[in-house]
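Beneath this line is the structure, given in structure tokens, with notes to follow.
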Amino acid sequence: MKTSLLPRVILAVAVLAGAAAAQAQQVFRITAIPDESPTELARKAAPLSRYLERKLGVKVEFTPVTDYAAAVEALVNKQVDLAWLGGFTFVQANQRSGGRIVPLVQRAEDEKFRSVFITTDPGIRSLSDLKGHNLSFGSQSSTSGHLMPRSFLLAAGIDPDRDLKRVAYSGAHDATAAAVASGKVDAGVLNISVWEKLVADGKVDTAKVRVFYTTPAYYDYNWSVQADMPAAQREKLTQAFLELSPATPEGRDILALQGATRFIPTRAENYRGIETAARSAGLLK
């Protein structure tokens, strides 16, 4: 009798273990490049996570990372399911994974994104005036805080490493604005949406800090996943973003926090210009 019960007990334990494992897998993890302060990223992620939980039917958790490279590695190594990447970090992740990263959606604003160069120095009126001065970029892996601004400087005949007195990297867009405002650097460059948000929130004194150059447009941020995500889940996730609307209180709040009027589909081909710029600047092998 005891012997005949043993297989049943083993089967029951296996079923329970399998159910526990399946339940443990029902956590959808998202992350984002840390282009703003940790508290700001957490504030932006909370309502979006709740919305995606309802749409996907699974628990959604935001997993912060320490730097841009960590966001790339988290997605490439499948430590997260969804990542908010800049154009350059998408290119890096796609290269690291052997072409296995798929960009799903971007904000409508990301089709024609821009960076702004700012200063408090009245003598700096154009890019050429930066020669001999200190300049702060954001993160070295930032599209809008480093790669594209650097490419526009090079196109203007200015080599940051040769023609500027010193180049610094603040690590984040809001940190760049703070460095310029405090006089730690003569000028800085950051993405236009963070700049406009800082101005709207009264966190920067525009009587003191001003924009002296706005770059041409380029493609930037997106939400990306691994290529082996089941097609049905990928479609459900894409639709969840596309359905966000300013016509609803929830949609309006989430879009405002994300700096978006709406989300639109995107594709890897949109970021070929970013890849070309990265190779030309020697930032991608």
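Numbering starts fresh at 1 for the residues of each chain in the structure tokens, the chains themselves are lettered A, B, ... in the order given, and ligands are numbered from 1 as they appear.
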
Residues within 12 Å of Arg54 in chain A, only C-alpha atoms, excluding chain neighbours under 6 positions, as number ranges by chain: A: 28, 47-48, 60, 236-237, 240

Non-local contacts of range 109-111 of chain A (6 Å; only C-alpha atoms; under 4 positions in same chain excluded) as an MDAnalysis selection string: chainID A and resid 219:221

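Taking CA of Val194 in chain A and CA of Ser141 in chain A as the two end points, the separation is 16.7 Å.
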
Nearby residues (only C-alpha atoms) at most 6 Å from Asp35 in chain A, same-chain spacing under 2 positions excluded, as a PyMOL selection string: chain A and resi 33+172-173

Dump of N, CA and C atoms for the selected residues, as a PDB file, in the first residue's frame:
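Contents of result.pdb, freshly written:
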```pdb
ATOM      1  N   ILE A  33      16.861  52.575 -19.765  1.00  0.00           N
ATOM      2  CA  ILE A  33      18.167  53.204 -19.605  1.00  0.00           C
ATOM      3  C   ILE A  33      18.020  54.343 -18.591  1.00  0.00           C
ATOM      4  N   ALA A 172      23.544  61.455 -17.102  1.00  0.00           N
ATOM      5  CA  ALA A 172      22.100  61.606 -17.329  1.00  0.00           C
ATOM      6  C   ALA A 172      21.798  63.032 -17.791  1.00  0.00           C
ATOM      7  N   HIS A 173      20.670  63.182 -18.499  1.00  0.00           N
ATOM      8  CA  HIS A 173      20.323  64.482 -19.077  1.00  0.00           C
ATOM      9  C   HIS A 173      20.081  65.557 -18.027  1.00  0.00           C
TER      10      HIS A 173
END
```

Counting only C-alpha atoms, the residue of A:Phe88, A:Trp195, A:Phe62, A:Tyr169 that sits nearest Thr143 in chain A: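 With only C-alpha atoms as the atom set, the closest residue is A:Phe88.
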
Within 12 Å of Glu40 in chain A using only C-alpha atoms, minus same-chain residues under 4 positions, as a count of residues only: 16

Atom-to-atom span, CA of Gly282 in chain A and CA of Ser142 in chain A, Å: 14.3 Å

Non-local contacts of range 212-216 of chain A (8 Å; only C-alpha atoms; under 5 positions in same chain excluded) as JSON, numbers by chain: {"A": [114, 115, 116, 117, 118, 119, 124, 125, 126, 127, 149, 152]}

Atoms to include: C-alpha atoms. Write the selected residues as an mmCIF file, in the first residue's frame.
```cif
data_model
loop_
_atom_site.group_PDB
_atom_site.id
_atom_site.type_symbol
_atom_site.label_atom_id
_atom_site.label_comp_id
_atom_site.auth_asym_id
_atom_site.auth_seq_id
_atom_site.Cartn_x
_atom_site.Cartn_y
_atom_site.Cartn_z
ATOM 1 C CA ARG A 114 16.504 66.462 -31.302
ATOM 2 C CA SER A 115 19.167 67.472 -28.811
ATOM 3 C CA VAL A 116 19.845 70.937 -27.423
ATOM 4 C CA PHE A 117 23.161 72.532 -26.524
ATOM 5 C CA ILE A 118 22.848 74.815 -23.492
ATOM 6 C CA THR A 119 25.089 77.322 -21.727
ATOM 7 C CA ILE A 124 28.908 81.019 -26.605
ATOM 8 C CA ARG A 125 26.442 81.610 -29.430
ATOM 9 C CA SER A 126 27.197 78.771 -31.847
ATOM 10 C CA LEU A 127 28.902 75.371 -32.009
ATOM 11 C CA PRO A 149 25.518 65.593 -30.636
ATOM 12 C CA PHE A 152 26.839 66.985 -35.392
#
```
